[in-house]
$ cat structure25.txt   # compact mmCIF, C-alpha atoms
# COMPACT_ATOMS: atom_id res chain seq x y z
CA MET A 1160 -14.21 9.48 -17.44
CA HIS A 1161 -15.52 7.11 -20.09
CA ASN A 1162 -13.12 4.27 -19.30
CA SER A 1163 -13.43 4.47 -15.52
CA ALA A 1164 -17.20 4.85 -15.48
CA THR A 1165 -17.60 1.95 -17.91
CA ILE A 1166 -15.41 -0.28 -15.71
CA ASN A 1167 -17.47 0.52 -12.61
CA LEU A 1168 -20.83 0.11 -14.36
CA ASN A 1169 -19.78 -3.30 -15.72
CA VAL A 1170 -18.20 -4.50 -12.47
CA LEU A 1171 -21.30 -3.65 -10.45
CA ASP A 1172 -23.63 -5.22 -13.00
CA ALA A 1173 -21.54 -8.41 -12.93
CA CYS A 1174 -21.47 -8.46 -9.11
CA HIS A 1175 -25.24 -8.02 -8.90
CA LYS A 1176 -25.94 -10.78 -11.45
CA ARG A 1177 -23.58 -13.19 -9.69
CA ASN A 1178 -24.80 -12.40 -6.17
CA VAL A 1179 -21.44 -11.06 -4.96
CA LYS A 1180 -21.88 -10.05 -1.31
CA THR A 1181 -19.19 -7.44 -0.59
CA ILE A 1182 -17.11 -5.00 -2.61
CA LEU A 1183 -14.73 -2.11 -1.96
CA TYR A 1184 -14.66 0.96 -4.17
CA SER A 1185 -11.39 2.86 -4.24
CA SER A 1186 -12.40 6.49 -4.56
CA SER A 1187 -10.00 9.40 -4.26
CA ALA A 1188 -9.44 12.64 -2.39
CA CYS A 1189 -9.54 14.24 -5.85
CA MET A 1190 -13.34 14.27 -5.61
CA TYR A 1191 -13.31 17.04 -2.97
CA PRO A 1192 -14.33 20.55 -4.07
CA ALA A 1193 -11.55 22.72 -5.45
CA TYR A 1194 -12.93 25.71 -3.52
CA ASN A 1195 -12.07 23.98 -0.22
CA GLN A 1196 -8.44 23.45 -1.25
CA ASP A 1197 -7.26 26.95 -2.16
CA ASP A 1198 -5.49 27.59 1.16
CA PRO A 1199 -2.41 25.33 1.43
CA ASP A 1200 -2.39 25.68 5.22
CA ASN A 1201 -6.09 24.95 5.86
CA PRO A 1202 -7.61 22.58 3.29
CA ASN A 1203 -11.03 21.15 4.11
CA CYS A 1204 -11.32 17.46 3.19
CA ALA A 1205 -13.93 16.37 5.73
CA GLU A 1206 -16.22 13.76 4.22
CA GLU A 1207 -19.32 15.95 4.52
CA SER A 1208 -17.63 18.74 2.56
CA ALA A 1209 -18.03 16.86 -0.74
CA TYR A 1210 -21.14 18.85 -1.71
CA PRO A 1211 -21.80 21.25 -3.38
CA ALA A 1212 -19.58 19.27 -5.72
CA ALA A 1213 -16.77 21.00 -7.60
CA PRO A 1214 -13.78 18.68 -8.17
CA ASP A 1215 -10.82 20.28 -9.95
CA SER A 1216 -10.61 17.53 -12.60
CA GLU A 1217 -12.73 15.12 -14.64
CA TYR A 1218 -11.01 12.32 -12.72
CA GLY A 1219 -12.54 13.71 -9.53
CA TRP A 1220 -15.99 14.02 -11.10
CA GLU A 1221 -15.88 10.38 -12.22
CA LYS A 1222 -14.86 9.27 -8.73
CA LEU A 1223 -17.79 11.18 -7.24
CA PHE A 1224 -20.21 9.64 -9.74
CA SER A 1225 -18.91 6.14 -9.04
CA GLU A 1226 -19.20 6.62 -5.27
CA ARG A 1227 -22.88 7.30 -5.76
CA LEU A 1228 -23.19 4.33 -8.10
CA PHE A 1229 -21.70 1.88 -5.59
CA LEU A 1230 -23.82 3.24 -2.74
CA ALA A 1231 -26.93 3.06 -4.92
CA TYR A 1232 -26.27 -0.65 -5.47
CA ARG A 1233 -25.95 -1.00 -1.69
CA ARG A 1234 -29.31 0.69 -1.10
CA ASN A 1235 -31.22 -0.90 -3.96
CA HIS A 1236 -29.72 -4.41 -4.17
CA GLY A 1237 -28.17 -5.10 -0.77
CA LEU A 1238 -24.63 -5.31 -2.14
CA GLN A 1239 -22.35 -4.53 0.80
CA ALA A 1240 -20.40 -1.78 -0.94
CA HIS A 1241 -17.79 0.19 0.99
CA VAL A 1242 -16.26 3.43 -0.29
CA ALA A 1243 -12.73 4.55 0.66
CA ARG A 1244 -11.41 7.95 -0.35
CA TYR A 1245 -7.67 7.33 -0.67
CA HIS A 1246 -5.12 10.10 -0.12
CA ASN A 1247 -1.87 9.64 -2.07
CA ILE A 1248 -0.86 6.05 -1.37
CA PHE A 1249 2.85 5.26 -1.84
CA GLY A 1250 5.44 2.61 -1.11
CA PRO A 1251 7.90 0.10 -2.59
CA GLU A 1252 6.95 -2.05 -5.58
CA GLY A 1253 4.97 0.83 -7.12
CA THR A 1254 5.49 2.74 -10.36
CA TRP A 1255 8.62 4.85 -9.93
CA THR A 1256 9.45 6.10 -13.43
CA GLY A 1257 7.86 6.82 -16.80
CA GLY A 1258 5.61 9.74 -15.89
CA ARG A 1259 2.79 7.84 -14.15
CA GLU A 1260 4.46 7.64 -10.74
CA LYS A 1261 3.18 9.48 -7.66
CA VAL A 1262 5.04 12.42 -6.12
CA PRO A 1263 6.96 10.48 -3.41
CA ALA A 1264 8.26 7.98 -5.98
CA ALA A 1265 9.24 10.74 -8.43
CA ILE A 1266 11.14 12.65 -5.76
CA CYS A 1267 12.85 9.48 -4.50
CA ARG A 1268 13.93 8.64 -8.06
CA LYS A 1269 15.25 12.13 -8.79
CA ILE A 1270 17.25 12.21 -5.56
CA ALA A 1271 18.54 8.65 -6.02
CA MET A 1272 19.84 9.69 -9.45
CA ALA A 1273 21.36 12.96 -8.19
CA LYS A 1274 24.72 13.60 -6.59
CA SER A 1275 25.04 15.58 -3.37
CA GLY A 1276 24.97 19.26 -4.31
CA ASP A 1277 22.81 18.71 -7.42
CA ALA A 1278 19.46 20.38 -8.03
CA ILE A 1279 16.27 18.48 -8.91
CA GLU A 1280 13.25 19.88 -10.72
CA VAL A 1281 10.12 20.62 -8.68
CA TRP A 1282 6.87 21.63 -10.39
CA GLY A 1283 5.57 24.99 -9.22
CA ASP A 1284 6.80 26.80 -6.13
CA GLY A 1285 6.79 23.66 -3.98
CA ARG A 1286 4.58 25.30 -1.37
CA GLN A 1287 1.51 23.27 -2.27
CA THR A 1288 0.60 20.88 0.57
CA ARG A 1289 -0.32 17.20 0.58
CA SER A 1290 -0.41 14.18 2.86
CA PHE A 1291 0.88 10.74 1.87
CA LEU A 1292 -0.10 7.31 3.23
CA TYR A 1293 2.23 4.31 3.22
CA VAL A 1294 0.77 1.31 1.40
CA ASP A 1295 0.78 -1.05 4.42
CA GLU A 1296 -1.27 1.48 6.38
CA CYS A 1297 -3.68 1.75 3.46
CA VAL A 1298 -4.20 -2.01 3.43
CA GLU A 1299 -4.93 -2.05 7.18
CA GLY A 1300 -7.44 0.79 6.93
CA SER A 1301 -9.14 -0.82 3.93
CA ILE A 1302 -9.45 -4.22 5.62
CA ARG A 1303 -10.99 -2.59 8.68
CA LEU A 1304 -13.53 -0.82 6.46
CA MET A 1305 -14.41 -4.04 4.61
CA ARG A 1306 -14.92 -5.95 7.86
CA SER A 1307 -17.14 -3.25 9.32
CA GLY A 1308 -20.78 -2.41 8.85
CA PHE A 1309 -19.83 1.11 7.81
CA ALA A 1310 -20.37 1.91 4.13
CA GLY A 1311 -18.48 5.21 3.97
CA PRO A 1312 -17.45 7.20 2.09
CA VAL A 1313 -14.51 7.63 4.44
CA ASN A 1314 -11.02 9.09 4.10
CA VAL A 1315 -8.18 6.58 4.22
CA GLY A 1316 -5.08 8.73 4.50
CA SER A 1317 -2.56 10.42 6.73
CA ASP A 1318 -3.16 13.80 8.35
CA GLU A 1319 0.59 14.56 8.46
CA MET A 1320 0.56 17.42 5.97
CA VAL A 1321 3.77 18.62 4.31
CA THR A 1322 4.70 21.00 1.52
CA ILE A 1323 6.35 19.49 -1.55
CA ASN A 1324 9.50 21.40 -0.62
CA GLN A 1325 9.45 19.74 2.82
CA LEU A 1326 8.97 16.36 1.16
CA VAL A 1327 12.06 16.94 -0.99
CA ASP A 1328 14.08 17.93 2.09
CA MET A 1329 12.92 14.84 3.97
CA VAL A 1330 13.93 12.46 1.18
CA ALA A 1331 17.26 14.26 0.73
CA ASP A 1332 17.96 13.82 4.44
CA ILE A 1333 17.10 10.11 4.20
CA ALA A 1334 19.48 9.81 1.25
CA GLY A 1335 22.21 11.73 3.07
CA LYS A 1336 22.53 14.19 0.20
CA ARG A 1337 22.43 17.96 -0.06
CA ILE A 1338 19.83 18.64 -2.74
CA GLU A 1339 18.83 22.00 -4.22
CA LYS A 1340 15.43 22.65 -5.80
CA ARG A 1341 14.89 24.09 -9.27
CA HIS A 1342 11.27 25.22 -9.49
CA ILE A 1343 9.82 24.92 -12.97
CA PRO A 1344 6.35 25.33 -14.53
CA GLY A 1345 4.25 22.19 -14.32
CA PRO A 1346 0.98 20.70 -13.07
CA GLN A 1347 0.39 21.46 -9.40
CA GLY A 1348 -3.22 20.49 -8.74
CA VAL A 1349 -4.96 22.16 -5.81
CA ARG A 1350 -2.91 24.28 -3.42
CA GLY A 1351 -3.67 22.20 -0.35
CA ARG A 1352 -5.02 18.72 0.42
CA ASN A 1353 -4.86 16.76 3.66
CA SER A 1354 -6.79 13.78 4.99
CA ASP A 1355 -9.34 14.60 7.68
CA ASN A 1356 -9.25 11.46 9.84
CA ARG A 1357 -11.91 12.29 12.41
CA LEU A 1358 -14.59 10.05 10.86
CA ILE A 1359 -12.37 6.99 10.38
CA ARG A 1360 -11.15 7.27 13.98
CA GLU A 1361 -14.74 7.46 15.19
CA LYS A 1362 -16.14 4.63 13.03
CA LEU A 1363 -13.20 2.24 12.72
CA ASN A 1364 -10.84 3.31 15.54
CA TRP A 1365 -8.08 3.61 12.96
CA ALA A 1366 -5.22 6.03 12.38
CA PRO A 1367 -1.84 5.58 10.66
CA SER A 1368 0.65 3.91 13.01
CA GLN A 1369 3.88 5.34 11.59
CA SER A 1370 5.27 8.63 10.37
CA LEU A 1371 5.66 9.77 6.78
CA ARG A 1372 9.44 9.54 7.19
CA ALA A 1373 9.25 5.85 8.16
CA GLY A 1374 7.41 5.03 4.94
CA LEU A 1375 9.72 7.19 2.86
CA GLU A 1376 12.79 5.42 4.25
CA LYS A 1377 11.49 2.06 2.98
CA THR A 1378 10.37 3.53 -0.32
CA TYR A 1379 13.63 5.38 -0.98
CA ALA A 1380 15.69 2.27 -0.26
CA TRP A 1381 13.67 0.26 -2.81
CA ILE A 1382 13.73 2.97 -5.52
CA GLU A 1383 17.46 3.55 -5.03
CA THR A 1384 17.97 -0.15 -5.72
CA GLN A 1385 15.90 0.08 -8.92
CA VAL A 1386 17.91 3.11 -10.07
CA ARG A 1387 21.21 1.29 -9.50
CA ARG A 1388 19.98 -1.82 -11.36
CA ASN A 1389 18.81 0.21 -14.34
CA ALA A 1390 22.06 2.20 -14.40
CA GLY A 1391 24.00 -1.04 -14.60
$ encode --input "structure25.txt" --output "structure tokens"
Amino acid sequence: MHNSATINLNVLDACHKRNVKTILYSSSACMYPAYNQDDPDNPNCAEESAYPAAPDSEYGWEKLFSERLFLAYRRNHGLQAHVARYHNIFGPEGTWTGGREKVPAAICRKIAMAKSGDAIEVWGDGRQTRSFLYVDECVEGSIRLMRSGFAGPVNVGSDEMVTINQLVDMVADIAGKRIEKRHIPGPQGVRGRNSDNRLIREKLNWAPSQSLRAGLEKTYAWIETQVRRNAG
């Protein structure tokens, strides 16, 4: 909270003093209330559901604070701030090992390292739901937001919701491997989270153009190459 808030306070102060015209703030779906994400089959992540605020982590609270900070600079100083609430962005060239990687990259790495018939570890029961947005789609949605007169906050994500178990099965199928799941204790976050794309369709006429599988195919191919290089 301290580091992120300090960065945003300093960036906005610098932009204001130097008469920067336009800025994008990358918020997160983690700012949505935990009480709207208890049902894995019916999470509520509509933009207007943000309040009463109750994020499930300090990370989410800081994102919510910084959203308000950027929009306050827009109101008070005319800085054209835009706020995007990103939902699990993934793709090649991203972090794929070391503990800081996102779920799609971690699953791709585990399956790339496994042999057909092996089991990989999955935190929790794997029934928690999420949606994942390929990085190229994220860039397109973000550019549209920046070029618009719409401030946001607005979800930039996919509404193709899957369970973590389904995500494992999809990557295994892409890899052409039979992979078992070994469910172990571990951080799971909220039970369900999915991007509600009604507002971004209305304001920016935007929706993801490709399926989750299409993005995973590109991501798996890249991570498999990294695994092979590191093994050698």
$ residues_around --input "structure25.txt" --residues "A:Ile1182" --least-positions-apart "3" --cutoff "7 Å" --atoms "only C-alpha atoms" --output "short mmCIF file (atom, residue, chain, number, x, y, z; two decimals) with C-alpha atoms, in the coordinates of the input"
data_model
loop_
_atom_site.label_atom_id
_atom_site.label_comp_id
_atom_site.auth_asym_id
_atom_site.auth_seq_id
_atom_site.Cartn_x
_atom_site.Cartn_y
_atom_site.Cartn_z
CA GLN A 1239 -22.35 -4.53 0.80
CA ALA A 1240 -20.40 -1.78 -0.94
CA HIS A 1241 -17.79 0.19 0.99
#
$ residues_around --input "structure25.txt" --residues "A:His1236" --least-positions-apart "3" --cutoff "12 Å" --atoms "all atoms listed in the file" --output "count of residues only"
17
$ closest_atom_pairs --input "structure25.txt" --of "stretch 1245-1345 of chain A" --to "stretch 1188-1191 of chain A" --cutoff "8 Å" --atoms "only C-alpha atoms" --output "JSON lines"
{"residue": "A:Tyr1245", "atom": "CA", "partner": "A:Ala1188", "partner_atom": "CA", "distance": 5.9}
{"residue": "A:His1246", "atom": "CA", "partner": "A:Ala1188", "partner_atom": "CA", "distance": 5.5}
{"residue": "A:Asn1314", "atom": "CA", "partner": "A:Ala1188", "partner_atom": "CA", "distance": 7.6}
$ closest_residue --input "structure25.txt" --among "A:Pro1251, A:Pro1192, A:Pro1199, A:Pro1263" --to "A:Ser1216" --atoms "all atoms listed in the file"
A:Pro1192
$ axis_aligned_box --input "structure25.txt" --around "stretch 1250-1258 of chain A" --padding-each-side "8 Å" --output "JSON"
{"center_x": 7.2, "center_y": 3.8, "center_z": -9.0, "size_x": 20.5, "size_y": 27.8, "size_z": 31.7}
$ decode --input "structure25.txt" --residues "stretch 1312-1356 of chain A" --atoms "N, CA and C atoms" --output "PDB file, in the first residue's frame"
ATOM      1  N   PRO A1312     -14.075   4.754 -14.166  1.00  0.00           N
ATOM      2  CA  PRO A1312     -13.408   3.473 -14.326  1.00  0.00           C
ATOM      3  C   PRO A1312     -14.210   2.493 -15.196  1.00  0.00           C
ATOM      4  N   VAL A1313     -13.481   1.667 -15.926  1.00  0.00           N
ATOM      5  CA  VAL A1313     -14.141   0.694 -16.793  1.00  0.00           C
ATOM      6  C   VAL A1313     -13.347  -0.615 -16.790  1.00  0.00           C
ATOM      7  N   ASN A1314     -14.065  -1.724 -16.797  1.00  0.00           N
ATOM      8  CA  ASN A1314     -13.418  -3.035 -16.884  1.00  0.00           C
ATOM      9  C   ASN A1314     -12.766  -3.216 -18.245  1.00  0.00           C
ATOM     10  N   VAL A1315     -11.533  -3.693 -18.237  1.00  0.00           N
ATOM     11  CA  VAL A1315     -10.870  -4.143 -19.455  1.00  0.00           C
ATOM     12  C   VAL A1315     -10.505  -5.602 -19.204  1.00  0.00           C
ATOM     13  N   GLY A1316     -11.335  -6.494 -19.726  1.00  0.00           N
ATOM     14  CA  GLY A1316     -11.146  -7.912 -19.449  1.00  0.00           C
ATOM     15  C   GLY A1316     -11.974  -8.757 -20.393  1.00  0.00           C
ATOM     16  N   SER A1317     -11.913 -10.053 -20.177  1.00  0.00           N
ATOM     17  CA  SER A1317     -12.729 -10.999 -20.924  1.00  0.00           C
ATOM     18  C   SER A1317     -13.878 -11.456 -20.036  1.00  0.00           C
ATOM     19  N   ASP A1318     -15.017 -11.747 -20.641  1.00  0.00           N
ATOM     20  CA  ASP A1318     -16.129 -12.303 -19.864  1.00  0.00           C
ATOM     21  C   ASP A1318     -16.287 -13.807 -20.118  1.00  0.00           C
ATOM     22  N   GLU A1319     -15.203 -14.436 -20.621  1.00  0.00           N
ATOM     23  CA  GLU A1319     -15.192 -15.896 -20.794  1.00  0.00           C
ATOM     24  C   GLU A1319     -14.673 -16.526 -19.499  1.00  0.00           C
ATOM     25  N   MET A1320     -15.577 -16.825 -18.593  1.00  0.00           N
ATOM     26  CA  MET A1320     -15.210 -17.303 -17.266  1.00  0.00           C
ATOM     27  C   MET A1320     -14.951 -18.805 -17.272  1.00  0.00           C
ATOM     28  N   VAL A1321     -13.866 -19.213 -16.595  1.00  0.00           N
ATOM     29  CA  VAL A1321     -13.534 -20.632 -16.469  1.00  0.00           C
ATOM     30  C   VAL A1321     -13.123 -20.917 -15.031  1.00  0.00           C
ATOM     31  N   THR A1322     -13.264 -22.186 -14.622  1.00  0.00           N
ATOM     32  CA  THR A1322     -12.672 -22.599 -13.357  1.00  0.00           C
ATOM     33  C   THR A1322     -11.179 -22.832 -13.576  1.00  0.00           C
ATOM     34  N   ILE A1323     -10.423 -22.848 -12.488  1.00  0.00           N
ATOM     35  CA  ILE A1323      -8.991 -23.139 -12.614  1.00  0.00           C
ATOM     36  C   ILE A1323      -8.786 -24.561 -13.124  1.00  0.00           C
ATOM     37  N   ASN A1324      -9.647 -25.472 -12.707  1.00  0.00           N
ATOM     38  CA  ASN A1324      -9.557 -26.841 -13.240  1.00  0.00           C
ATOM     39  C   ASN A1324      -9.753 -26.859 -14.754  1.00  0.00           C
ATOM     40  N   GLN A1325     -10.719 -26.081 -15.246  1.00  0.00           N
ATOM     41  CA  GLN A1325     -10.951 -26.012 -16.696  1.00  0.00           C
ATOM     42  C   GLN A1325      -9.751 -25.390 -17.412  1.00  0.00           C
ATOM     43  N   LEU A1326      -9.119 -24.418 -16.765  1.00  0.00           N
ATOM     44  CA  LEU A1326      -7.939 -23.791 -17.356  1.00  0.00           C
ATOM     45  C   LEU A1326      -6.810 -24.808 -17.491  1.00  0.00           C
ATOM     46  N   VAL A1327      -6.611 -25.627 -16.470  1.00  0.00           N
ATOM     47  CA  VAL A1327      -5.593 -26.679 -16.536  1.00  0.00           C
ATOM     48  C   VAL A1327      -5.894 -27.646 -17.681  1.00  0.00           C
ATOM     49  N   ASP A1328      -7.151 -28.060 -17.797  1.00  0.00           N
ATOM     50  CA  ASP A1328      -7.527 -28.996 -18.860  1.00  0.00           C
ATOM     51  C   ASP A1328      -7.310 -28.390 -20.242  1.00  0.00           C
ATOM     52  N   MET A1329      -7.580 -27.105 -20.378  1.00  0.00           N
ATOM     53  CA  MET A1329      -7.417 -26.436 -21.669  1.00  0.00           C
ATOM     54  C   MET A1329      -5.944 -26.388 -22.070  1.00  0.00           C
ATOM     55  N   VAL A1330      -5.084 -26.032 -21.121  1.00  0.00           N
ATOM     56  CA  VAL A1330      -3.644 -25.973 -21.429  1.00  0.00           C
ATOM     57  C   VAL A1330      -3.105 -27.366 -21.709  1.00  0.00           C
ATOM     58  N   ALA A1331      -3.557 -28.368 -20.946  1.00  0.00           N
ATOM     59  CA  ALA A1331      -3.116 -29.742 -21.184  1.00  0.00           C
ATOM     60  C   ALA A1331      -3.494 -30.199 -22.587  1.00  0.00           C
ATOM     61  N   ASP A1332      -4.692 -29.834 -23.031  1.00  0.00           N
ATOM     62  CA  ASP A1332      -5.140 -30.193 -24.368  1.00  0.00           C
ATOM     63  C   ASP A1332      -4.285 -29.514 -25.433  1.00  0.00           C
ATOM     64  N   ILE A1333      -3.948 -28.246 -25.202  1.00  0.00           N
ATOM     65  CA  ILE A1333      -3.071 -27.520 -26.122  1.00  0.00           C
ATOM     66  C   ILE A1333      -1.709 -28.208 -26.206  1.00  0.00           C
ATOM     67  N   ALA A1334      -1.226 -28.663 -25.047  1.00  0.00           N
ATOM     68  CA  ALA A1334       0.089 -29.313 -24.991  1.00  0.00           C
ATOM     69  C   ALA A1334       0.056 -30.737 -25.529  1.00  0.00           C
ATOM     70  N   GLY A1335      -1.150 -31.303 -25.667  1.00  0.00           N
ATOM     71  CA  GLY A1335      -1.261 -32.686 -26.113  1.00  0.00           C
ATOM     72  C   GLY A1335      -0.824 -33.673 -25.053  1.00  0.00           C
ATOM     73  N   LYS A1336      -1.059 -33.326 -23.785  1.00  0.00           N
ATOM     74  CA  LYS A1336      -0.639 -34.178 -22.673  1.00  0.00           C
ATOM     75  C   LYS A1336      -1.841 -34.531 -21.805  1.00  0.00           C
ATOM     76  N   ARG A1337      -1.781 -35.692 -21.191  1.00  0.00           N
ATOM     77  CA  ARG A1337      -2.782 -36.065 -20.192  1.00  0.00           C
ATOM     78  C   ARG A1337      -2.223 -35.665 -18.834  1.00  0.00           C
ATOM     79  N   ILE A1338      -2.866 -34.712 -18.196  1.00  0.00           N
ATOM     80  CA  ILE A1338      -2.358 -34.144 -16.948  1.00  0.00           C
ATOM     81  C   ILE A1338      -3.379 -34.332 -15.830  1.00  0.00           C
ATOM     82  N   GLU A1339      -2.934 -34.895 -14.717  1.00  0.00           N
ATOM     83  CA  GLU A1339      -3.760 -35.008 -13.524  1.00  0.00           C
ATOM     84  C   GLU A1339      -3.549 -33.773 -12.645  1.00  0.00           C
ATOM     85  N   LYS A1340      -4.487 -33.567 -11.726  1.00  0.00           N
ATOM     86  CA  LYS A1340      -4.397 -32.418 -10.814  1.00  0.00           C
ATOM     87  C   LYS A1340      -4.221 -32.914  -9.384  1.00  0.00           C
ATOM     88  N   ARG A1341      -3.270 -32.338  -8.679  1.00  0.00           N
ATOM     89  CA  ARG A1341      -3.083 -32.625  -7.257  1.00  0.00           C
ATOM     90  C   ARG A1341      -3.414 -31.353  -6.486  1.00  0.00           C
ATOM     91  N   HIS A1342      -4.580 -31.325  -5.865  1.00  0.00           N
ATOM     92  CA  HIS A1342      -5.040 -30.128  -5.168  1.00  0.00           C
ATOM     93  C   HIS A1342      -4.366 -30.029  -3.804  1.00  0.00           C
ATOM     94  N   ILE A1343      -3.761 -28.877  -3.569  1.00  0.00           N
ATOM     95  CA  ILE A1343      -3.011 -28.658  -2.327  1.00  0.00           C
ATOM     96  C   ILE A1343      -3.466 -27.347  -1.688  1.00  0.00           C
ATOM     97  N   PRO A1344      -3.222 -27.166  -0.380  1.00  0.00           N
ATOM     98  CA  PRO A1344      -3.546 -25.876   0.250  1.00  0.00           C
ATOM     99  C   PRO A1344      -2.711 -24.757  -0.367  1.00  0.00           C
ATOM    100  N   GLY A1345      -3.324 -23.596  -0.504  1.00  0.00           N
ATOM    101  CA  GLY A1345      -2.606 -22.448  -1.058  1.00  0.00           C
ATOM    102  C   GLY A1345      -3.547 -21.281  -1.243  1.00  0.00           C
ATOM    103  N   PRO A1346      -3.017 -20.099  -1.516  1.00  0.00           N
ATOM    104  CA  PRO A1346      -3.857 -18.914  -1.713  1.00  0.00           C
ATOM    105  C   PRO A1346      -4.824 -19.112  -2.875  1.00  0.00           C
ATOM    106  N   GLN A1347      -6.082 -18.741  -2.650  1.00  0.00           N
ATOM    107  CA  GLN A1347      -7.092 -18.904  -3.701  1.00  0.00           C
ATOM    108  C   GLN A1347      -7.762 -17.589  -4.082  1.00  0.00           C
ATOM    109  N   GLY A1348      -7.667 -16.574  -3.229  1.00  0.00           N
ATOM    110  CA  GLY A1348      -8.377 -15.333  -3.502  1.00  0.00           C
ATOM    111  C   GLY A1348      -9.870 -15.532  -3.380  1.00  0.00           C
ATOM    112  N   VAL A1349     -10.636 -14.697  -4.059  1.00  0.00           N
ATOM    113  CA  VAL A1349     -12.093 -14.802  -4.012  1.00  0.00           C
ATOM    114  C   VAL A1349     -12.534 -16.042  -4.787  1.00  0.00           C
ATOM    115  N   ARG A1350     -13.753 -16.486  -4.531  1.00  0.00           N
ATOM    116  CA  ARG A1350     -14.236 -17.712  -5.179  1.00  0.00           C
ATOM    117  C   ARG A1350     -14.586 -17.495  -6.648  1.00  0.00           C
ATOM    118  N   GLY A1351     -15.020 -16.299  -6.993  1.00  0.00           N
ATOM    119  CA  GLY A1351     -15.395 -16.051  -8.380  1.00  0.00           C
ATOM    120  C   GLY A1351     -15.106 -14.621  -8.795  1.00  0.00           C
ATOM    121  N   ARG A1352     -14.576 -14.457 -10.015  1.00  0.00           N
ATOM    122  CA  ARG A1352     -14.351 -13.103 -10.544  1.00  0.00           C
ATOM    123  C   ARG A1352     -14.413 -13.186 -12.064  1.00  0.00           C
ATOM    124  N   ASN A1353     -15.178 -12.284 -12.665  1.00  0.00           N
ATOM    125  CA  ASN A1353     -15.342 -12.286 -14.112  1.00  0.00           C
ATOM    126  C   ASN A1353     -15.584 -10.857 -14.570  1.00  0.00           C
ATOM    127  N   SER A1354     -15.032 -10.480 -15.689  1.00  0.00           N
ATOM    128  CA  SER A1354     -15.216  -9.116 -16.180  1.00  0.00           C
ATOM    129  C   SER A1354     -16.643  -8.913 -16.696  1.00  0.00           C
ATOM    130  N   ASP A1355     -17.279  -7.870 -16.225  1.00  0.00           N
ATOM    131  CA  ASP A1355     -18.582  -7.443 -16.750  1.00  0.00           C
ATOM    132  C   ASP A1355     -18.294  -6.410 -17.838  1.00  0.00           C
ATOM    133  N   ASN A1356     -18.560  -6.764 -19.088  1.00  0.00           N
ATOM    134  CA  ASN A1356     -18.132  -5.929 -20.224  1.00  0.00           C
ATOM    135  C   ASN A1356     -19.246  -5.067 -20.808  1.00  0.00           C
TER     136      ASN A1356
END
